[in-house]
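Peer 1: The structure's right below; bear with me while I get my questions together.
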Amino acid sequence: MKNKTLGGTIKEARMAKGISLRKFADEIGVSPPHVSDIENDNRKPSDELLGKIAKNLDLSFDELEKMKGKIGDKVKDWVKREPEAAVLMRKIAGMSNGLDRLREIAEEGEKNKGRK
């Protein structure tokens, strides 16, 4: 997609599917002005709403969450429950290869999900 803002990406995907703003708002359970605010980058959707948007437009939740530019609710809750997580994230942030290492850990975790 050409537009790299969260709102622009959502609007572009909605229009590419030929869905009106009003119909889309109804499908995801919000008002048309709410959708308009999101598409114009005047409002950030909650994680729950972002999930509905991703599902309805066949977009990646992870990619949309990255565009949102905020730590998601699940991560915030996890850090509250596990304060050491914040310390570990700060350490990773200070590493020259921190992001690459975090990706490796996440991929390893995804692979191990099905083994339990």
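Just remember, in the structure tokens the first chain shown is A, the second B, etc., residues are 1-based per chain, and ligands are 1-based in the order shown.
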Any idea what's packed within 8 Å of Ile28 (chain A), counting only C-alpha atoms, ignoring anything in its chain fewer than 5 positions away? Could you give it as a PyMOL selection string?
Peer 2: chain A and resi 49+52-53+56
Peer 1: Taking N, CA and C atoms for each residue, export the selection above as a PDB file, in the first residue's frame.
Peer 2:
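Final output, part.pdb:
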ATOM      1  N   LEU A  49     -10.787  -2.654  18.619  1.00  0.00           N
ATOM      2  CA  LEU A  49     -11.299  -2.104  17.363  1.00  0.00           C
ATOM      3  C   LEU A  49     -10.310  -2.344  16.229  1.00  0.00           C
ATOM      4  N   LYS A  52     -10.875  -5.700  14.838  1.00  0.00           N
ATOM      5  CA  LYS A  52     -12.062  -5.758  13.968  1.00  0.00           C
ATOM      6  C   LYS A  52     -11.750  -5.157  12.595  1.00  0.00           C
ATOM      7  N   ILE A  53     -11.033  -4.053  12.608  1.00  0.00           N
ATOM      8  CA  ILE A  53     -10.654  -3.397  11.349  1.00  0.00           C
ATOM      9  C   ILE A  53      -9.781  -4.335  10.515  1.00  0.00           C
ATOM     10  N   ASN A  56     -11.904  -7.267   9.115  1.00  0.00           N
ATOM     11  CA  ASN A  56     -12.843  -6.859   8.068  1.00  0.00           C
ATOM     12  C   ASN A  56     -12.164  -6.449   6.770  1.00  0.00           C
TER      13      ASN A  56
END
Peer 1: How would you write, as a ChimeraX atom specification, the set of residues in chain A that DSSP gives as helix (DSSP H, G or I)?
Peer 2: /A:6-16,21-28,32-39,47-57,61-68,73-81,84-93,98-113
Peer 1: Dump as CSV the rows for residues of region 2-51 of chain A within 12 Å of region 71-91 of chain A: closest atom pair and distance in Å with one decimal, only C-alpha atoms counted, ordered by chain and rising residue number.
Peer 2:
residue,atom,partner,partner_atom,distance
A:Lys44,CA,A:Gly72,CA,11.3
A:Pro45,CA,A:Gly72,CA,10.6
A:Ser46,CA,A:Asp73,CA,8.2
A:Asp47,CA,A:Gly72,CA,6.5
A:Glu48,CA,A:Asp73,CA,9.1
A:Leu49,CA,A:Asp73,CA,11.8
A:Leu50,CA,A:Gly72,CA,10.3
A:Gly51,CA,A:Gly72,CA,11.4
Peer 1: When you count only C-alpha atoms, which of these residues is closest to Ile10 (chain A): A:Val30, A:Arg43, A:Leu64, A:Glu107?
Peer 2: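 Selected residue with least distance to Ile10 (chain A): A:Leu64.
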Peer 1: My list of candidates is A:Glu108, A:Glu63, A:Glu12, A:Glu27. Which is closest to Asn40 (chain A) when distances are computed with only C-alpha atoms?
Peer 2: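 With only C-alpha atoms as the atom set, the closest residue is A:Glu12.
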Peer 1: Can you measure CA of Leu6 (chain A) to CA of Ile19 (chain A) for me? One decimal in Å is fine.
Peer 2: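 CA of Leu6 (chain A) sits 17.6 Å away from CA of Ile19 (chain A).
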Peer 1: Identify, on the basis of only C-alpha atoms, every residue whose closest approach to Leu21 (chain A) does not exceed 9 Å; exclude the query and any residue fewer than 5 positions from it along the same chain; express the result as a ChimeraX atom specification.
Peer 2: /A:11,14-15,26,32-33,35-36
Peer 1: So the first atom is CA of Lys4 (chain A) and the second is CA of Arg101 (chain A); what is the distance between them in Å, to one decimal place?
Peer 2: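 Taking CA of Lys4 (chain A) as the start and CA of Arg101 (chain A) as the end point, the length is 25.4 Å.
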